[in-house]
Amino acid sequence: MKNRIIKWIDQRFPLTSFVKHELTGYPTPRNLSYWWNFGFLAGFVLMLQVATGIFLAMHYKADVALSFDSIQHIMRDVNYGWLLRFMHSTGASAFFLVIYIHMARTLYYGSYRAPRELMWWSGQGLLLLLMATAFMGYLLPWGQMSFWGATVITNLFRATPFIGEQVVIWLRGDYTVGDATLTRFFALHYLFPFLIIGAVVVHLVALHTVKSSNPSGIDLAAKDNIPFHPYFTIKDLYGLGIFLIVYCSFVFFLPNSLIEPANNIPANPMVTPNHIVPEWYFLPFYAILRSVPNMVGGVVAMGLSVMMFAFMPFLDRSCIPGGAQYRPVFRVQFYLFFLDMLVLGYIGYIPPTSQSILIGQVATLCYFGSFFLIPFISKAEERWLIKRGLPPDVEALIASEAREKSKLPQRRRREDIA
Amino acid sequence: MAESDTLGDLNRRNFLIKVTSVVGGAGAVAACLPFVASMNPSSDVLAKATTEFDLSGMNPGDMRTVAWQGKPVFILRRTQEQIKEMEASDGGLDPEPDQKRAKQPEWLVVVGVCTHMGCVPNKEGPGWTCHCHGSQYDDSGRVTRGPAPKNLEVPPYRFIAADKIIIGEA
């Protein structure tokens with residue numbers, strides 16, 4: 001009976017072949033480490049955010065007079081409302097954590113290089129969508145941080161040439177962040193996750209065209225690929241278990257550690273809190289904004305700092321496989337960049353003093369400097385590595401994979417499909 | 001047990017896979033429960049579960065409509081003639097003696113929601129008429145003309161004083 005139903009469907013829709021080709025039999029490099037779990041985890045958190053978000057929206061009211069109280073209603077009156085809300089608020093942080101690790105892995109192993117540029121750029125688009133979604137969602141509780149965060153960020157658009165003021169008023173639908181702003185942010189906060197899902201489909205179609213990168217950075221021949229199921233379904237599920245332990249410890253034991261205390265005060269357009277900070281995942285970019293003394297310059301620098309990653313396929317001119325794995329100089333650069341991000345994050349968190357502003361400016365210079373230096377450093381490093389030679393086992397691996405690929409291209413293609 | 005034995009033991013593997021799947025599946029189902037529960041009435045809604053109503057000030061023949069759990073409840077103070085007439089018959093389509101429907105013959109308390117499609121019937125002449133589809137009820141709330149299949153529901157209520165009732169608690 002089951003077979004007959006599947007046969008009936010298969011004659012009308014490529015169910016079996018799709019599942020086999022894209023899911024169960026999808027060829028995956030056998031040497032993937034746990035750093036390759038984070039794409040799946042990002043997809044999982046996306047689903048979690050959509051699910052909790054839809055159920056929260058059933059109880060939330062997007063109205064300046066009602067929204068703060070409706071959050072309290074969710075927390076106190078709705079069955080398990082506290083759980084849904086803490087899952088959603090913690091989920092936002094978890095989403096950024098997972099995405100940042102996913103990006104760090106791509107940077108470390110140089111997975112953004114040909115032929116995976118479109119994966120990297122669709123990922124960059126996803127990051128921007130995620131940031132916009134998180135920012136708009138943050139306004140919805142209508143607390144002090146929500147209100148002033150939205151005020152500051154919408155004010156960034158004052159930097160638009162000639163029509164800055166009008167753009168800000170258009171974005172807000174009001175002279176300040178008000179009821180119109182809240183309602184449209186809610187509408188868009190509900191819409192954007194579906195745009196994200198669409199972009200994820202693009203990301204995955206690109207992935208299934210170019211296939212996963214792997215820690216060696218060498219495109220593996222068919223013999224070194226194994227089917228996704230059961231090898232990587234189980235690996236992803238194990239990673240999911242670890243992720244859920246961390247996630248649930250925050251949801252159940254430290255949910256308020258990720259919520260600024262000032263956001264438990266209803267929004268007051270007449271008083272700004274003494275110390276306003278964005279959520280942790282925006283801190284480095286916020287520090288860059290604060291480091292530039294000129295308003296327009298700061299906005300441009302902050303926008304650029306997010307977009308710099310998109311240039312990586314052009315900036316990195318080295319052809320040595322494996323990213324930081326086999327490139328000692330690039331590895332040092334990677335860790336220095338990571339350290340710089342931490343410094344920027346800390347500077348973004350503390351209230352500005354003349355000393356912290358100076359540190360922030362140095363860190364901002366280092367941030368952009370490390371991107372601008374990559375073309376020169378990567379080229380010089382490539383020359384040096386070619387002269388010095390890669391470790392013999394790497395050379396042997398490259399040679400054997402190349403040999404494997406050169407023989408019987410038709411047969412290899414058949415193996416890839418099978 | 002050597003590693004090769006462990007890996008080769010298919011029964012052991014199948015057992016582990018089954019147990020893991022059951023635990024994982026149970027966890028996934030359990031994780032769905034809060035989502036389902038969140039759609040049930042929240043505690044502020046549950047707080048509306050009972051309604052108190054003061055009967056003093058109602059004359060024989062008077063009808064009042066009070067909201068109970070958001071639904072209209074008809075409270076009718078019946079005249080002696082109405083009581084006599086209602087106790088004489090068992091109603092029409094859904095026979096039920098009047099004594100079962102009124103705790104005190106003078107007071108009829110029924111949910112004012114037509115048992116057909118949920119409209120609110122109007123008090124017209126003797127009994128009620130529902131204008132959605134033409135059902136009729138007598139002064140005991142019993143259906144006398146279709147399409148309504150059942151008599152008007154009697155909510156749980158009790159007298160907490162001679163002239164005070166609480167609806168929602170039996």
# chains A, B, ... in the order shown; residues from 1 in each chain; ligands from 1

$ interface_residues --of "chain B" --to "chain A" --cutoff "7 Å" --atoms "only C-alpha atoms" --output "MDAnalysis selection string"
chainID B and resid 34:35 37:38 42:44

$ write_last_selection --atoms "N, CA and C atoms" --output "short mmCIF file (atom, residue, chain, number, x, y, z; two decimals), in the first residue's frame"
data_model
loop_
_atom_site.label_atom_id
_atom_site.label_comp_id
_atom_site.auth_asym_id
_atom_site.auth_seq_id
_atom_site.Cartn_x
_atom_site.Cartn_y
_atom_site.Cartn_z
N PRO B 34 3.48 22.81 25.24
CA PRO B 34 3.31 24.22 25.62
C PRO B 34 2.68 25.06 24.51
N PHE B 35 3.00 24.71 23.25
CA PHE B 35 2.43 25.48 22.13
C PHE B 35 0.92 25.26 22.08
N ALA B 37 -0.97 24.22 24.58
CA ALA B 37 -1.58 24.76 25.81
C ALA B 37 -1.72 26.28 25.73
N SER B 38 -0.81 26.94 25.03
CA SER B 38 -0.85 28.41 24.98
C SER B 38 -2.10 28.90 24.27
N SER B 42 -6.41 31.75 28.61
CA SER B 42 -5.40 32.18 29.56
C SER B 42 -6.07 32.47 30.90
N SER B 43 -5.28 32.71 31.93
CA SER B 43 -5.88 32.82 33.26
C SER B 43 -6.81 34.02 33.40
N ASP B 44 -6.58 35.09 32.61
CA ASP B 44 -7.50 36.22 32.71
C ASP B 44 -8.84 35.88 32.07
#

$ residues_around --residues "B:Gln136" --least-positions-apart "3" --cutoff "8 Å" --atoms "only C-alpha atoms" --output "ChimeraX atom specification"
/B:127-130,143-146

$ residues_around --residues "B:Pro72" --least-positions-apart "4" --cutoff "10 Å" --atoms "only C-alpha atoms" --output "ChimeraX atom specification"
/B:64-68,110-113,120

$ residues_around --residues "A:Gly303" --least-positions-apart "2" --cutoff "12 Å" --atoms "only C-alpha atoms" --output "ChimeraX atom specification"
/A:128,131,153,156-157,159,282,284-286,288-289,296-301,305-310

$ write_last_selection --atoms "N, CA and C atoms" --output "tab-separated table (two decimals), in the first residue's frame"
chain	number	residue	atom	x	y	z
A	128	LEU	N	21.88	40.25	6.74
A	128	LEU	CA	21.22	41.55	6.79
A	128	LEU	C	19.74	41.40	7.13
A	131	MET	N	19.44	40.65	10.79
A	131	MET	CA	19.66	41.84	11.61
A	131	MET	C	18.42	42.73	11.60
A	153	ILE	N	18.39	53.85	15.79
A	153	ILE	CA	18.65	53.18	14.51
A	153	ILE	C	17.89	53.85	13.37
A	156	LEU	N	19.66	56.78	12.10
A	156	LEU	CA	20.82	56.57	11.24
A	156	LEU	C	20.51	57.00	9.81
A	157	PHE	N	19.22	56.87	9.41
A	157	PHE	CA	18.86	57.18	8.03
A	157	PHE	C	18.86	58.68	7.77
A	159	ALA	N	21.40	60.16	7.69
A	159	ALA	CA	22.61	60.31	6.90
A	159	ALA	C	22.34	60.22	5.40
A	282	PHE	N	24.92	43.17	18.28
A	282	PHE	CA	25.18	44.37	17.49
A	282	PHE	C	26.34	45.20	18.05
A	284	PRO	N	29.75	45.09	18.35
A	284	PRO	CA	30.94	45.52	17.61
A	284	PRO	C	30.61	46.60	16.58
A	285	PHE	N	29.46	46.43	15.90
A	285	PHE	CA	29.11	47.39	14.86
A	285	PHE	C	28.72	48.74	15.48
A	286	TYR	N	28.06	48.65	16.66
A	286	TYR	CA	27.70	49.85	17.39
A	286	TYR	C	28.95	50.60	17.84
A	288	ILE	N	31.78	50.65	16.29
A	288	ILE	CA	32.33	51.32	15.11
A	288	ILE	C	31.57	52.61	14.84
A	289	LEU	N	30.23	52.55	14.99
A	289	LEU	CA	29.41	53.76	14.81
A	289	LEU	C	29.87	54.86	15.75
A	296	VAL	N	27.61	61.22	9.62
A	296	VAL	CA	27.47	60.48	8.37
A	296	VAL	C	28.57	59.44	8.25
A	297	GLY	N	29.80	59.85	8.62
A	297	GLY	CA	30.93	58.92	8.56
A	297	GLY	C	30.69	57.69	9.42
A	298	GLY	N	30.14	57.89	10.60
A	298	GLY	CA	29.88	56.77	11.50
A	298	GLY	C	28.89	55.79	10.90
A	299	VAL	N	27.81	56.36	10.30
A	299	VAL	CA	26.79	55.49	9.71
A	299	VAL	C	27.38	54.69	8.56
A	300	VAL	N	28.17	55.39	7.71
A	300	VAL	CA	28.77	54.70	6.57
A	300	VAL	C	29.73	53.62	7.06
A	301	ALA	N	30.53	53.96	8.08
A	301	ALA	CA	31.49	52.98	8.60
A	301	ALA	C	30.77	51.77	9.15
A	305	SER	N	31.06	48.08	7.77
A	305	SER	CA	31.66	47.05	8.60
A	305	SER	C	30.88	45.74	8.48
A	306	VAL	N	29.56	45.84	8.28
A	306	VAL	CA	28.78	44.62	8.10
A	306	VAL	C	29.00	44.06	6.70
A	307	MET	N	29.13	44.99	5.73
A	307	MET	CA	29.21	44.54	4.33
A	307	MET	C	30.61	44.09	3.92
A	308	MET	N	31.62	44.39	4.74
A	308	MET	CA	33.00	44.06	4.35
A	308	MET	C	33.16	42.58	4.02
A	309	PHE	N	32.40	41.75	4.76
A	309	PHE	CA	32.56	40.30	4.56
A	309	PHE	C	32.27	39.90	3.11
A	310	ALA	N	31.34	40.65	2.47
A	310	ALA	CA	30.95	40.29	1.11
A	310	ALA	C	32.12	40.41	0.14

$ atom_distance --atom1 "atom CA of A:Ala42" --atom2 "atom CA of A:Lys223"
28.9 Å

$ atom_distance --atom1 "atom CA of B:Met86" --atom2 "atom CA of B:Lys100"
11.5 Å

$ residues_around --residues "B:Asn151" --least-positions-apart "2" --cutoff "8 Å" --atoms "only C-alpha atoms" --output "mmCIF file with N, CA and C atoms, in the first residue's frame"
data_model
loop_
_atom_site.group_PDB
_atom_site.id
_atom_site.type_symbol
_atom_site.label_atom_id
_atom_site.label_comp_id
_atom_site.auth_asym_id
_atom_site.auth_seq_id
_atom_site.Cartn_x
_atom_site.Cartn_y
_atom_site.Cartn_z
ATOM 1 N N ASP B 94 -37.443 18.015 21.756
ATOM 2 C CA ASP B 94 -36.441 17.437 22.674
ATOM 3 C C ASP B 94 -37.099 17.372 24.056
ATOM 4 N N THR B 115 -29.350 26.370 19.700
ATOM 5 C CA THR B 115 -28.590 25.117 19.589
ATOM 6 C C THR B 115 -28.397 24.695 18.138
ATOM 7 N N TYR B 137 -38.526 28.535 20.698
ATOM 8 C CA TYR B 137 -38.395 27.923 22.023
ATOM 9 C C TYR B 137 -39.541 28.419 22.888
ATOM 10 N N GLY B 141 -37.488 27.323 27.543
ATOM 11 C CA GLY B 141 -36.290 27.225 26.713
ATOM 12 C C GLY B 141 -36.246 25.941 25.912
ATOM 13 N N ARG B 142 -37.398 25.238 25.800
ATOM 14 C CA ARG B 142 -37.411 23.980 25.045
ATOM 15 C C ARG B 142 -37.768 24.267 23.601
ATOM 16 N N VAL B 143 -37.126 23.569 22.697
ATOM 17 C CA VAL B 143 -37.352 23.838 21.281
ATOM 18 C C VAL B 143 -38.726 23.296 20.894
ATOM 19 N N ALA B 148 -33.541 23.841 15.090
ATOM 20 C CA ALA B 148 -32.691 23.591 16.266
ATOM 21 C C ALA B 148 -32.939 22.180 16.795
ATOM 22 N N PRO B 149 -31.917 21.417 17.093
ATOM 23 C CA PRO B 149 -32.100 20.022 17.506
ATOM 24 C C PRO B 149 -32.357 19.871 19.001
ATOM 25 N N GLU B 153 -29.555 25.414 26.396
ATOM 26 C CA GLU B 153 -28.767 24.793 27.452
ATOM 27 C C GLU B 153 -29.012 25.490 28.790
#

$ residues_around --residues "B:Thr20" --least-positions-apart "6" --cutoff "12 Å" --atoms "only C-alpha atoms" --output "ChimeraX atom specification"
/A:234,237-238 /B:13-14,26-27

$ write_last_selection --atoms "N, CA and C atoms" --output "JSON list (two decimals), in the first residue's frame"
[["chain", "number", "residue", "atom", "x", "y", "z"],
["A", 234, "ILE", "N", 22.86, 12.02, 11.67],
["A", 234, "ILE", "CA", 23.13, 11.68, 13.07],
["A", 234, "ILE", "C", 24.13, 12.67, 13.66],
["A", 237, "LEU", "N", 22.18, 15.76, 14.40],
["A", 237, "LEU", "CA", 21.30, 15.57, 15.56],
["A", 237, "LEU", "C", 22.10, 15.60, 16.86],
["A", 238, "TYR", "N", 23.30, 15.01, 16.84],
["A", 238, "TYR", "CA", 24.14, 15.05, 18.03],
["A", 238, "TYR", "C", 24.50, 16.51, 18.37],
["B", 13, "ARG", "N", 22.33, -2.66, 18.00],
["B", 13, "ARG", "CA", 22.17, -1.41, 17.25],
["B", 13, "ARG", "C", 20.72, -1.05, 17.07],
["B", 14, "ASN", "N", 19.94, -2.02, 16.60],
["B", 14, "ASN", "CA", 18.53, -1.75, 16.36],
["B", 14, "ASN", "C", 17.84, -1.33, 17.64],
["B", 26, "ALA", "N", 9.40, 11.31, 22.03],
["B", 26, "ALA", "CA", 8.65, 11.74, 23.21],
["B", 26, "ALA", "C", 9.03, 13.18, 23.56],
["B", 27, "GLY", "N", 10.31, 13.49, 23.45],
["B", 27, "GLY", "CA", 10.76, 14.86, 23.73],
["B", 27, "GLY", "C", 10.14, 15.85, 22.77]]

$ select_by_dssp --residues "stretch 37-66 of chain B" --states "alpha helix (DSSP H)" --output "list in words"
Ala37, Ser38, Ser43, Asp44, Val45 and Leu46 of chain B

$ write_last_selection --atoms "N, CA and C atoms" --output "PDB file, in the first residue's frame"
ATOM      1  N   ALA B  37      -0.974  24.223  24.581  1.00  0.00           N
ATOM      2  CA  ALA B  37      -1.579  24.763  25.806  1.00  0.00           C
ATOM      3  C   ALA B  37      -1.722  26.278  25.729  1.00  0.00           C
ATOM      4  N   SER B  38      -0.806  26.942  25.033  1.00  0.00           N
ATOM      5  CA  SER B  38      -0.848  28.405  24.985  1.00  0.00           C
ATOM      6  C   SER B  38      -2.104  28.897  24.273  1.00  0.00           C
ATOM      7  N   SER B  43      -5.281  32.708  31.929  1.00  0.00           N
ATOM      8  CA  SER B  43      -5.883  32.816  33.265  1.00  0.00           C
ATOM      9  C   SER B  43      -6.812  34.021  33.398  1.00  0.00           C
ATOM     10  N   ASP B  44      -6.575  35.092  32.609  1.00  0.00           N
ATOM     11  CA  ASP B  44      -7.502  36.220  32.712  1.00  0.00           C
ATOM     12  C   ASP B  44      -8.840  35.877  32.072  1.00  0.00           C
ATOM     13  N   VAL B  45      -8.807  34.976  31.092  1.00  0.00           N
ATOM     14  CA  VAL B  45     -10.069  34.519  30.502  1.00  0.00           C
ATOM     15  C   VAL B  45     -10.782  33.595  31.480  1.00  0.00           C
ATOM     16  N   LEU B  46      -9.997  32.695  32.106  1.00  0.00           N
ATOM     17  CA  LEU B  46     -10.601  31.770  33.057  1.00  0.00           C
ATOM     18  C   LEU B  46     -11.232  32.523  34.224  1.00  0.00           C
TER      19      LEU B  46
END

$ closest_residue --among "A:Asn268, A:Ser89, A:Ser291, A:Gln144" --to "A:Phe252" --atoms "only C-alpha atoms"
A:Ser89

$ residues_around --residues "A:Asp224" --least-positions-apart "4" --cutoff "7 Å" --atoms "only C-alpha atoms" --output "VMD selection string"
chain A and resid 29 to 30 220

$ write_last_selection --atoms "N, CA and C atoms" --output "mmCIF file, in the first residue's frame"
data_model
loop_
_atom_site.group_PDB
_atom_site.id
_atom_site.type_symbol
_atom_site.label_atom_id
_atom_site.label_comp_id
_atom_site.auth_asym_id
_atom_site.auth_seq_id
_atom_site.Cartn_x
_atom_site.Cartn_y
_atom_site.Cartn_z
ATOM 1 N N PRO A 29 31.204 15.486 1.936
ATOM 2 C CA PRO A 29 32.603 15.128 2.237
ATOM 3 C C PRO A 29 32.683 14.394 3.572
ATOM 4 N N ARG A 30 33.459 13.337 3.594
ATOM 5 C CA ARG A 30 33.453 12.508 4.800
ATOM 6 C C ARG A 30 34.264 13.125 5.930
ATOM 7 N N LEU A 220 36.729 17.256 -3.017
ATOM 8 C CA LEU A 220 36.951 15.826 -2.928
ATOM 9 C C LEU A 220 36.295 15.098 -4.095
#
